[in-house]
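Remarks on the structure that follows.
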Amino acid sequence: MMNDPKMMRWLWIGCALEITGLLLGIISAALFHRITMTLFFVIGIPMILLGMVCYIVTVIRVIISKGAF
Amino acid sequence: MTFAAGPYVIVGLMALNIVLLAVLLAQREWFMQRLGKVLLLLGALALPALVLSAAVHINMENSKEVSFCLSCHEMEAYGESLEEDDDERIPTIHYQNNWVHKEKACYECHTDYTLYGPIKAKIQGLLHMNVHYFKGAPKKIEIYQPYNNRECLRCHEGAKKFEETEYHQQDPKMRVRLKTNKQSCMDKGCHDVIHEVYSDDE
């Protein structure tokens, strides 16, 4: 099941979202400017949260379909 | 570890998290092994959750500072009013006598002392960003609603000076009016000298 590209697609999308959100976080923490901070709060945080949701959903789908991750 | 090291630790953890996720994306065959699954759990869930909560906390703390509020030029005059040599201005005497934390003076008076006060303040901050960059600040900046006496009474109620002031004792119903905001602490003739950024004709 771990080789199923359809099943794992959302996991990769989630990882990409998390990487983008974390990059925004690094820029925000490094510059500490109101624009970067707003971008992190408005875009970065939802991206990271969405990435985590993608991971959880994928794990649940794999467990349901196979019985184990 | 001092608080000043916090942002550096967070940036380091974020960078580590990105590297971990990038490696996992490049080495997908690792997921067939237990170690790969553990690394994925760490990189996609545990570490981002930790980093996210710490980053939000640090950003929230930093944005409480006066220097952050004054980073928009619209607020410069308000910042200058805190440094004026004037014992009449309410914000000035609070700031200069350390009645509020000097580095968090704006935040302490302009954030509701309620459970969701800081969140409300941050949402309003986002609206200010919109006004600052896309609409332009109004000529005369005003607070969203009349200043709530609750923020004054939180510290002053019960304080010796407040309780012993003759005017505060004259009318027993006044305390009720203050608490219900039917009468403002900043009414004319009371504590009505605030930042005084605008002249009377504006």
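Ordering of the structure tokens sets the chain letters (A, B, ...); residue numbers start at 1 within each chain; ligands are numbered from 1 in the order shown.
The shell of residues at most 7 Å from segment 66-83 of chain B, with only C-alpha atoms counted and near chain neighbours (fewer than 3 positions) removed, consists of Ser63, Pro91, Thr92, Tyr95, Glu103, Lys104, Ala105, Cys106, His195 and Val197 of chain B.
The list of residues with at least one atom within 7 Å of segment 14-24 of chain A, based on only C-alpha atoms and without residues fewer than 6 positions apart in the same chain, reads Phe40, Gly44, Ile45, Met47, Ile48, Leu50, Gly51, Met52, Cys54 and Tyr55 of chain A; Met14, Ile18, Leu21 and Ala44 of chain B.
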Residues of chain B within 10 Å of chain A, counting only C-alpha atoms, what are they? List them as a ChimeraX atom specification. /B:7-8,10-15,17-22,24-25,28-29,31-32,34,37,40-41,43-46,48-49,51-53,55-56,58-60,62-63,68-69,71-72,122,125-126,129,133
Between atom CA of Ile90 of chain B and atom CA of His191 of chain B, distance in Å (one decimal):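 Separation between atom CA of Ile90 of chain B and atom CA of His191 of chain B: 7.0 Å.
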Excluding segment 155-168 of chain B and any residue of its chain fewer than 6 positions from it, enumerate the residues within 12 Å of it, using only C-alpha atoms, and give them as a VMD selection string. chain B and resid 94 99 to 100 108 to 109 113 149 174 to 179 185 189 to 191
Atom CA of Asp171 of chain B to atom CA of Asp187 of chain B, distance in Å rounded to a single decimal: 15.5 Å
Enumerate the residues of chain B with a DSSP assignment of helix (DSSP H, G or I), computed from the backbone, and present them as a short mmCIF file (atom, residue, chain, number, x, y, z; two decimals) with N, CA, C and O atoms, in the first residue's frame.
```
data_model
loop_
_atom_site.label_atom_id
_atom_site.label_comp_id
_atom_site.auth_asym_id
_atom_site.auth_seq_id
_atom_site.Cartn_x
_atom_site.Cartn_y
_atom_site.Cartn_z
N PHE B 3 15.56 33.57 26.84
CA PHE B 3 14.49 33.74 25.85
C PHE B 3 15.05 34.26 24.53
O PHE B 3 14.55 33.96 23.46
N ALA B 4 16.15 35.05 24.61
CA ALA B 4 16.73 35.63 23.39
C ALA B 4 17.21 34.56 22.43
O ALA B 4 17.30 34.78 21.23
N ALA B 5 17.54 33.39 22.97
CA ALA B 5 18.03 32.31 22.11
C ALA B 5 16.88 31.60 21.41
O ALA B 5 17.09 30.88 20.43
N GLY B 6 15.67 31.81 21.90
CA GLY B 6 14.49 31.14 21.36
C GLY B 6 14.34 31.20 19.85
O GLY B 6 14.25 30.16 19.19
N PRO B 7 14.36 32.42 19.27
CA PRO B 7 14.18 32.50 17.81
C PRO B 7 15.22 31.71 17.02
O PRO B 7 14.90 31.10 16.00
N TYR B 8 16.47 31.72 17.51
CA TYR B 8 17.53 30.99 16.81
C TYR B 8 17.27 29.48 16.85
O TYR B 8 17.49 28.76 15.87
N VAL B 9 16.82 29.01 18.02
CA VAL B 9 16.51 27.58 18.16
C VAL B 9 15.38 27.20 17.21
O VAL B 9 15.42 26.18 16.52
N ILE B 10 14.36 28.07 17.16
CA ILE B 10 13.21 27.79 16.29
C ILE B 10 13.63 27.77 14.83
O ILE B 10 13.24 26.88 14.06
N VAL B 11 14.44 28.75 14.43
CA VAL B 11 14.91 28.79 13.04
C VAL B 11 15.71 27.52 12.73
O VAL B 11 15.56 26.91 11.67
N GLY B 12 16.56 27.11 13.68
CA GLY B 12 17.35 25.90 13.50
C GLY B 12 16.47 24.67 13.35
O GLY B 12 16.69 23.83 12.45
N LEU B 13 15.44 24.57 14.20
CA LEU B 13 14.52 23.43 14.12
C LEU B 13 13.73 23.43 12.81
O LEU B 13 13.48 22.39 12.21
N MET B 14 13.35 24.63 12.38
CA MET B 14 12.62 24.75 11.10
C MET B 14 13.50 24.28 9.94
O MET B 14 13.05 23.54 9.07
N ALA B 15 14.76 24.71 9.96
CA ALA B 15 15.70 24.31 8.90
C ALA B 15 15.90 22.80 8.92
O ALA B 15 15.88 22.14 7.87
N LEU B 16 16.04 22.24 10.12
CA LEU B 16 16.20 20.79 10.27
C LEU B 16 14.97 20.06 9.72
O LEU B 16 15.10 19.04 9.02
N ASN B 17 13.81 20.62 10.04
CA ASN B 17 12.55 20.03 9.58
C ASN B 17 12.47 20.03 8.05
O ASN B 17 12.07 19.04 7.42
N ILE B 18 12.87 21.14 7.45
CA ILE B 18 12.83 21.24 5.99
C ILE B 18 13.77 20.22 5.36
O ILE B 18 13.41 19.52 4.40
N VAL B 19 14.99 20.12 5.91
CA VAL B 19 15.97 19.16 5.37
C VAL B 19 15.42 17.74 5.49
O VAL B 19 15.49 16.95 4.53
N LEU B 20 14.85 17.43 6.64
CA LEU B 20 14.29 16.10 6.88
C LEU B 20 13.19 15.77 5.87
O LEU B 20 13.18 14.69 5.26
N LEU B 21 12.28 16.73 5.66
CA LEU B 21 11.18 16.50 4.71
C LEU B 21 11.71 16.38 3.28
O LEU B 21 11.23 15.54 2.51
N ALA B 22 12.70 17.20 2.95
CA ALA B 22 13.28 17.15 1.60
C ALA B 22 13.94 15.80 1.35
O ALA B 22 13.78 15.20 0.27
N VAL B 23 14.67 15.31 2.35
CA VAL B 23 15.33 14.00 2.22
C VAL B 23 14.28 12.90 2.06
O VAL B 23 14.41 12.00 1.22
N LEU B 24 13.22 12.99 2.87
CA LEU B 24 12.17 11.98 2.79
C LEU B 24 11.46 11.99 1.44
O LEU B 24 11.09 10.96 0.91
N LEU B 25 11.29 13.20 0.90
CA LEU B 25 10.67 13.31 -0.43
C LEU B 25 11.56 12.69 -1.50
O LEU B 25 11.07 12.09 -2.47
N ALA B 26 12.88 12.85 -1.32
CA ALA B 26 13.83 12.33 -2.31
C ALA B 26 14.02 10.81 -2.17
O ALA B 26 14.28 10.12 -3.16
N ARG B 28 11.96 8.06 -1.23
CA ARG B 28 10.63 7.53 -0.89
C ARG B 28 10.67 6.04 -0.55
O ARG B 28 9.76 5.54 0.12
N GLU B 29 11.70 5.35 -1.02
CA GLU B 29 11.76 3.91 -0.74
C GLU B 29 12.01 3.62 0.75
O GLU B 29 11.80 2.52 1.22
N TRP B 30 12.43 4.68 1.47
CA TRP B 30 12.68 4.51 2.91
C TRP B 30 11.42 4.13 3.67
O TRP B 30 11.48 3.56 4.75
N PHE B 31 10.28 4.48 3.10
CA PHE B 31 9.03 4.24 3.83
C PHE B 31 8.70 2.77 4.00
O PHE B 31 7.81 2.40 4.74
N MET B 32 9.42 1.94 3.27
CA MET B 32 9.19 0.50 3.42
C MET B 32 9.83 0.00 4.72
O MET B 32 9.53 -1.08 5.18
N ARG B 34 11.04 0.57 8.86
CA ARG B 34 10.50 1.17 10.08
C ARG B 34 11.11 2.56 10.35
O ARG B 34 10.40 3.49 10.73
N LEU B 35 12.43 2.67 10.14
CA LEU B 35 13.10 3.95 10.41
C LEU B 35 12.51 5.08 9.56
O LEU B 35 12.31 6.20 10.04
N GLY B 36 12.22 4.77 8.30
CA GLY B 36 11.63 5.77 7.40
C GLY B 36 10.28 6.25 7.92
O GLY B 36 9.97 7.45 7.87
N LYS B 37 9.50 5.30 8.43
CA LYS B 37 8.18 5.67 8.95
C LYS B 37 8.29 6.54 10.20
O LYS B 37 7.53 7.47 10.39
N VAL B 38 9.28 6.20 11.02
CA VAL B 38 9.48 7.00 12.23
C VAL B 38 9.95 8.41 11.86
O VAL B 38 9.46 9.41 12.41
N LEU B 39 10.87 8.47 10.87
CA LEU B 39 11.35 9.79 10.43
C LEU B 39 10.21 10.61 9.83
O LEU B 39 10.14 11.83 10.01
N LEU B 40 9.32 9.93 9.12
CA LEU B 40 8.18 10.63 8.52
C LEU B 40 7.25 11.18 9.61
O LEU B 40 6.79 12.32 9.52
N LEU B 41 7.02 10.36 10.62
CA LEU B 41 6.20 10.81 11.75
C LEU B 41 6.82 12.03 12.41
O LEU B 41 6.14 13.02 12.72
N LEU B 42 8.13 11.98 12.54
CA LEU B 42 8.86 13.08 13.16
C LEU B 42 8.82 14.34 12.28
O LEU B 42 8.50 15.43 12.75
N GLY B 43 9.11 14.14 11.00
CA GLY B 43 9.24 15.28 10.08
C GLY B 43 7.92 15.89 9.65
O GLY B 43 7.84 17.09 9.38
N ALA B 44 6.89 15.06 9.57
CA ALA B 44 5.62 15.57 9.03
C ALA B 44 4.61 15.92 10.11
O ALA B 44 3.62 16.58 9.82
N LEU B 45 4.84 15.45 11.34
CA LEU B 45 3.84 15.72 12.37
C LEU B 45 4.45 16.29 13.66
O LEU B 45 4.08 17.39 14.07
N ALA B 46 5.38 15.55 14.26
CA ALA B 46 5.86 15.95 15.59
C ALA B 46 6.65 17.26 15.55
O ALA B 46 6.34 18.21 16.29
N LEU B 47 7.65 17.32 14.68
CA LEU B 47 8.51 18.51 14.62
C LEU B 47 7.74 19.76 14.16
O LEU B 47 7.86 20.82 14.79
N PRO B 48 6.90 19.65 13.09
CA PRO B 48 6.13 20.85 12.70
C PRO B 48 5.21 21.34 13.81
O PRO B 48 5.06 22.54 14.00
N ALA B 49 4.61 20.41 14.57
CA ALA B 49 3.71 20.82 15.66
C ALA B 49 4.49 21.59 16.72
O ALA B 49 4.04 22.64 17.20
N LEU B 50 5.68 21.09 17.05
CA LEU B 50 6.53 21.75 18.05
C LEU B 50 6.99 23.12 17.56
O LEU B 50 6.86 24.14 18.27
N VAL B 51 7.49 23.14 16.34
CA VAL B 51 8.03 24.38 15.77
C VAL B 51 6.93 25.42 15.62
O VAL B 51 7.11 26.61 15.92
N LEU B 52 5.76 24.95 15.17
CA LEU B 52 4.63 25.86 14.93
C LEU B 52 4.20 26.55 16.23
O LEU B 52 4.06 27.77 16.27
N SER B 53 4.03 25.76 17.28
CA SER B 53 3.56 26.35 18.54
C SER B 53 4.61 27.31 19.09
O SER B 53 4.26 28.39 19.58
N ALA B 54 5.88 26.95 18.99
CA ALA B 54 6.93 27.83 19.49
C ALA B 54 7.03 29.10 18.65
O ALA B 54 7.19 30.20 19.20
N ALA B 55 6.91 28.97 17.33
CA ALA B 55 7.01 30.13 16.45
C ALA B 55 5.85 31.10 16.69
O ALA B 55 6.04 32.32 16.72
N VAL B 56 4.66 30.56 16.88
CA VAL B 56 3.49 31.42 17.15
C VAL B 56 3.70 32.16 18.47
O VAL B 56 3.47 33.37 18.55
N HIS B 57 4.19 31.44 19.47
CA HIS B 57 4.42 32.07 20.78
C HIS B 57 5.45 33.20 20.67
O HIS B 57 5.23 34.30 21.18
N ILE B 58 6.56 32.92 20.00
CA ILE B 58 7.63 33.93 19.89
C ILE B 58 7.16 35.15 19.09
O ILE B 58 7.38 36.29 19.47
N ASN B 59 6.44 34.88 17.99
CA ASN B 59 5.93 35.99 17.19
C ASN B 59 4.93 36.83 17.97
O ASN B 59 4.93 38.06 17.88
N MET B 60 4.07 36.15 18.74
CA MET B 60 3.07 36.87 19.53
C MET B 60 3.77 37.74 20.58
O MET B 60 3.39 38.88 20.81
N GLU B 61 4.80 37.18 21.22
CA GLU B 61 5.53 37.93 22.24
C GLU B 61 6.24 39.14 21.64
O GLU B 61 6.19 40.24 22.18
N ASN B 62 6.91 38.92 20.49
CA ASN B 62 7.64 40.02 19.86
C ASN B 62 6.71 41.14 19.40
O ASN B 62 7.07 42.31 19.42
N VAL B 66 6.61 47.76 22.01
CA VAL B 66 6.31 49.11 21.54
C VAL B 66 7.00 49.37 20.19
O VAL B 66 6.41 49.96 19.29
N SER B 67 8.24 48.87 20.06
CA SER B 67 8.98 49.10 18.81
C SER B 67 8.25 48.50 17.62
O SER B 67 8.29 49.03 16.51
N PHE B 68 7.53 47.39 17.84
CA PHE B 68 6.77 46.78 16.76
C PHE B 68 5.58 47.67 16.38
O PHE B 68 5.32 47.90 15.21
N CYS B 69 4.88 48.17 17.40
CA CYS B 69 3.72 49.04 17.13
C CYS B 69 4.16 50.31 16.39
O CYS B 69 3.47 50.78 15.50
N HIS B 73 4.61 54.10 10.39
CA HIS B 73 4.82 55.54 10.61
C HIS B 73 3.58 56.24 11.16
O HIS B 73 3.68 57.28 11.80
N GLU B 74 2.40 55.65 10.95
CA GLU B 74 1.17 56.27 11.48
C GLU B 74 1.19 56.36 13.00
O GLU B 74 0.50 57.17 13.60
N MET B 75 1.97 55.48 13.61
CA MET B 75 1.99 55.41 15.08
C MET B 75 3.10 56.25 15.70
O MET B 75 3.19 56.35 16.92
N GLU B 76 3.94 56.85 14.86
CA GLU B 76 5.11 57.59 15.38
C GLU B 76 4.71 58.68 16.38
O GLU B 76 5.30 58.82 17.44
N ALA B 77 3.66 59.43 16.03
CA ALA B 77 3.23 60.53 16.90
C ALA B 77 2.78 60.01 18.26
O ALA B 77 3.01 60.65 19.28
N TYR B 78 2.16 58.83 18.25
CA TYR B 78 1.71 58.24 19.52
C TYR B 78 2.91 57.82 20.36
O TYR B 78 2.90 57.96 21.58
N GLY B 79 3.93 57.32 19.70
CA GLY B 79 5.16 56.94 20.39
C GLY B 79 5.85 58.16 20.99
O GLY B 79 6.29 58.14 22.15
N GLU B 80 5.86 59.25 20.20
CA GLU B 80 6.49 60.48 20.70
C GLU B 80 5.72 61.04 21.89
O GLU B 80 6.31 61.61 22.81
N SER B 81 4.40 60.86 21.87
CA SER B 81 3.59 61.40 22.97
C SER B 81 3.95 60.74 24.30
O SER B 81 3.73 61.32 25.37
N LEU B 82 4.47 59.54 24.25
CA LEU B 82 4.86 58.85 25.48
C LEU B 82 6.11 59.46 26.11
O LEU B 82 6.34 59.34 27.31
N GLU B 83 6.91 60.10 25.27
CA GLU B 83 8.17 60.67 25.75
C GLU B 83 8.06 62.14 26.11
O GLU B 83 9.02 62.74 26.61
N ILE B 90 -2.44 60.96 30.20
CA ILE B 90 -2.59 59.68 30.89
C ILE B 90 -1.57 58.63 30.39
O ILE B 90 -0.87 58.01 31.19
N PRO B 91 -1.44 58.43 29.07
CA PRO B 91 -0.48 57.40 28.60
C PRO B 91 0.95 57.76 28.99
O PRO B 91 1.74 56.89 29.35
N THR B 92 1.27 59.06 28.94
CA THR B 92 2.64 59.51 29.22
C THR B 92 3.05 59.21 30.67
O THR B 92 4.13 58.67 30.91
N ILE B 93 2.15 59.55 31.61
CA ILE B 93 2.53 59.31 33.02
C ILE B 93 2.58 57.81 33.33
O ILE B 93 3.39 57.38 34.13
N HIS B 94 1.73 57.05 32.66
CA HIS B 94 1.78 55.59 32.88
C HIS B 94 3.10 55.03 32.36
O HIS B 94 3.73 54.18 32.99
N TYR B 95 3.51 55.53 31.21
CA TYR B 95 4.74 55.03 30.56
C TYR B 95 5.98 55.49 31.33
O TYR B 95 6.86 54.68 31.65
N GLN B 96 6.02 56.78 31.66
CA GLN B 96 7.23 57.32 32.27
C GLN B 96 7.42 56.88 33.72
O GLN B 96 8.53 56.91 34.24
N LYS B 102 7.36 49.19 30.15
CA LYS B 102 7.75 50.15 29.12
C LYS B 102 7.82 49.52 27.73
O LYS B 102 7.44 50.11 26.74
N GLU B 103 8.32 48.29 27.67
CA GLU B 103 8.50 47.67 26.35
C GLU B 103 7.19 47.10 25.79
O GLU B 103 7.14 46.71 24.63
N LYS B 104 6.15 47.08 26.64
CA LYS B 104 4.85 46.55 26.16
C LYS B 104 3.73 47.54 26.44
O LYS B 104 2.58 47.14 26.64
N ALA B 105 4.05 48.82 26.48
CA ALA B 105 3.08 49.83 26.91
C ALA B 105 1.82 49.85 26.03
O ALA B 105 0.71 49.88 26.55
N CYS B 106 1.99 49.83 24.71
CA CYS B 106 0.83 49.90 23.79
C CYS B 106 -0.09 48.71 24.04
O CYS B 106 -1.30 48.85 24.17
N TYR B 107 0.55 47.55 24.11
CA TYR B 107 -0.20 46.29 24.24
C TYR B 107 -0.98 46.25 25.54
O TYR B 107 -2.14 45.84 25.57
N GLU B 108 -0.36 46.72 26.63
CA GLU B 108 -1.01 46.60 27.94
C GLU B 108 -2.26 47.44 28.06
O GLU B 108 -3.20 47.06 28.76
N CYS B 109 -2.28 48.60 27.41
CA CYS B 109 -3.47 49.46 27.52
C CYS B 109 -4.48 49.20 26.40
O CYS B 109 -5.67 49.46 26.57
N HIS B 110 -4.01 48.73 25.25
CA HIS B 110 -4.92 48.60 24.10
C HIS B 110 -5.31 47.17 23.79
O HIS B 110 -5.77 46.87 22.68
N GLY B 117 -8.82 38.43 24.35
CA GLY B 117 -8.31 39.77 24.07
C GLY B 117 -7.09 39.79 23.15
O GLY B 117 -7.10 40.49 22.14
N PRO B 118 -6.04 39.00 23.47
CA PRO B 118 -4.86 39.00 22.60
C PRO B 118 -5.16 38.53 21.18
O PRO B 118 -4.61 39.06 20.22
N ILE B 119 -6.05 37.54 21.05
CA ILE B 119 -6.38 37.04 19.70
C ILE B 119 -7.13 38.12 18.92
O ILE B 119 -6.85 38.37 17.75
N LYS B 120 -8.06 38.78 19.61
CA LYS B 120 -8.81 39.87 18.99
C LYS B 120 -7.85 40.97 18.52
O LYS B 120 -7.98 41.51 17.42
N ALA B 121 -6.86 41.26 19.38
CA ALA B 121 -5.89 42.31 19.05
C ALA B 121 -5.08 41.92 17.81
O ALA B 121 -4.78 42.76 16.95
N LYS B 122 -4.74 40.65 17.69
CA LYS B 122 -3.94 40.20 16.54
C LYS B 122 -4.76 40.24 15.26
O LYS B 122 -4.26 40.58 14.19
N ILE B 123 -6.05 39.89 15.36
CA ILE B 123 -6.92 39.95 14.18
C ILE B 123 -7.07 41.40 13.74
O ILE B 123 -7.01 41.72 12.55
N GLN B 124 -7.21 42.29 14.72
CA GLN B 124 -7.29 43.71 14.37
C GLN B 124 -5.98 44.18 13.75
O GLN B 124 -5.97 45.02 12.86
N GLY B 125 -4.86 43.59 14.21
CA GLY B 125 -3.56 43.92 13.63
C GLY B 125 -3.50 43.57 12.14
O GLY B 125 -2.93 44.30 11.34
N LEU B 126 -4.13 42.44 11.79
CA LEU B 126 -4.16 42.05 10.37
C LEU B 126 -4.99 43.06 9.56
O LEU B 126 -4.65 43.39 8.43
N LEU B 127 -6.07 43.55 10.18
CA LEU B 127 -6.88 44.56 9.50
C LEU B 127 -6.08 45.86 9.33
O LEU B 127 -6.19 46.53 8.30
N HIS B 128 -5.25 46.17 10.33
CA HIS B 128 -4.40 47.36 10.22
C HIS B 128 -3.42 47.23 9.06
O HIS B 128 -3.12 48.20 8.39
N MET B 129 -2.92 46.00 8.86
CA MET B 129 -2.00 45.75 7.74
C MET B 129 -2.70 46.06 6.42
O MET B 129 -2.13 46.68 5.52
N ASN B 130 -3.94 45.61 6.32
CA ASN B 130 -4.73 45.85 5.12
C ASN B 130 -4.90 47.35 4.88
O ASN B 130 -4.70 47.85 3.77
N VAL B 131 -5.22 48.08 5.96
CA VAL B 131 -5.42 49.52 5.85
C VAL B 131 -4.09 50.21 5.50
O VAL B 131 -4.03 51.07 4.62
N HIS B 132 -3.02 49.79 6.15
CA HIS B 132 -1.70 50.42 5.95
C HIS B 132 -1.24 50.28 4.49
O HIS B 132 -0.72 51.24 3.91
N TYR B 133 -1.39 49.09 3.94
CA TYR B 133 -0.81 48.84 2.61
C TYR B 133 -1.78 49.06 1.46
O TYR B 133 -1.37 49.38 0.35
N PHE B 134 -3.07 48.86 1.67
CA PHE B 134 -4.00 48.89 0.53
C PHE B 134 -5.01 50.04 0.56
O PHE B 134 -5.44 50.49 -0.48
N LYS B 135 -5.38 50.50 1.72
CA LYS B 135 -6.42 51.54 1.77
C LYS B 135 -5.84 52.90 2.17
O LYS B 135 -6.39 53.92 1.83
N ASN B 149 -13.63 51.04 30.39
CA ASN B 149 -13.12 51.35 31.74
C ASN B 149 -12.50 50.14 32.42
O ASN B 149 -11.69 50.28 33.34
N ARG B 150 -12.91 48.97 31.97
CA ARG B 150 -12.39 47.72 32.57
C ARG B 150 -10.86 47.71 32.57
O ARG B 150 -10.23 47.27 33.53
N GLU B 151 -10.27 48.23 31.47
CA GLU B 151 -8.80 48.20 31.36
C GLU B 151 -8.15 49.13 32.40
O GLU B 151 -7.03 48.89 32.81
N CYS B 152 -8.87 50.21 32.78
CA CYS B 152 -8.33 51.12 33.82
C CYS B 152 -8.55 50.51 35.21
O CYS B 152 -7.64 50.47 36.03
N LEU B 153 -9.80 50.05 35.42
CA LEU B 153 -10.18 49.57 36.76
C LEU B 153 -9.43 48.30 37.15
O LEU B 153 -9.30 48.00 38.34
N ARG B 154 -8.97 47.59 36.16
CA ARG B 154 -8.24 46.35 36.45
C ARG B 154 -7.08 46.62 37.42
O ARG B 154 -6.83 45.84 38.32
N CYS B 155 -6.41 47.74 37.20
CA CYS B 155 -5.29 48.08 38.09
C CYS B 155 -5.71 49.06 39.18
O CYS B 155 -5.26 48.96 40.32
N HIS B 156 -6.56 50.04 38.82
CA HIS B 156 -6.82 51.14 39.75
C HIS B 156 -7.86 50.82 40.80
O HIS B 156 -7.80 51.39 41.90
N LYS B 160 -5.11 52.54 46.69
CA LYS B 160 -5.30 53.56 47.72
C LYS B 160 -5.62 54.93 47.11
O LYS B 160 -6.58 55.58 47.50
N LYS B 161 -4.81 55.32 46.12
CA LYS B 161 -4.98 56.64 45.53
C LYS B 161 -6.36 56.78 44.87
O LYS B 161 -7.01 57.82 44.97
N PHE B 162 -6.76 55.74 44.20
CA PHE B 162 -8.06 55.75 43.51
C PHE B 162 -9.20 55.82 44.52
O PHE B 162 -10.12 56.63 44.40
N GLU B 163 -9.12 55.00 45.54
CA GLU B 163 -10.21 54.91 46.51
C GLU B 163 -10.30 56.20 47.35
O GLU B 163 -11.39 56.57 47.77
N GLU B 164 -9.16 56.84 47.61
CA GLU B 164 -9.17 58.01 48.48
C GLU B 164 -9.42 59.32 47.75
O GLU B 164 -9.56 60.37 48.37
N GLU B 166 -11.27 62.22 46.34
CA GLU B 166 -12.55 62.75 46.80
C GLU B 166 -13.65 62.57 45.75
O GLU B 166 -14.77 62.15 46.07
N TYR B 167 -13.33 62.88 44.52
CA TYR B 167 -14.35 62.81 43.46
C TYR B 167 -14.87 61.39 43.29
O TYR B 167 -16.06 61.19 43.02
N HIS B 168 -13.99 60.42 43.47
CA HIS B 168 -14.41 59.02 43.31
C HIS B 168 -15.37 58.58 44.42
O HIS B 168 -16.08 57.60 44.29
N GLN B 169 -15.34 59.34 45.55
CA GLN B 169 -16.19 58.95 46.69
C GLN B 169 -17.50 59.73 46.74
O GLN B 169 -18.43 59.35 47.45
N GLN B 170 -17.56 60.85 45.98
CA GLN B 170 -18.73 61.74 46.07
C GLN B 170 -20.05 61.04 45.78
O GLN B 170 -21.01 61.14 46.52
N MET B 174 -21.46 56.26 41.10
CA MET B 174 -20.48 56.47 40.04
C MET B 174 -19.70 55.19 39.73
O MET B 174 -19.42 54.88 38.57
N ARG B 175 -19.38 54.42 40.77
CA ARG B 175 -18.63 53.18 40.57
C ARG B 175 -19.39 52.22 39.65
O ARG B 175 -18.82 51.58 38.78
N VAL B 176 -20.71 52.19 39.84
CA VAL B 176 -21.54 51.33 39.00
C VAL B 176 -21.53 51.84 37.56
O VAL B 176 -21.40 51.06 36.61
N ARG B 177 -21.64 53.16 37.42
CA ARG B 177 -21.63 53.75 36.07
C ARG B 177 -20.29 53.48 35.37
O ARG B 177 -20.25 53.22 34.17
N LEU B 178 -19.21 53.53 36.13
CA LEU B 178 -17.89 53.27 35.55
C LEU B 178 -17.78 51.80 35.11
O LEU B 178 -17.29 51.50 34.02
N LYS B 179 -18.28 50.93 35.98
CA LYS B 179 -18.16 49.50 35.68
C LYS B 179 -19.02 49.09 34.48
O LYS B 179 -18.69 48.14 33.77
#
```
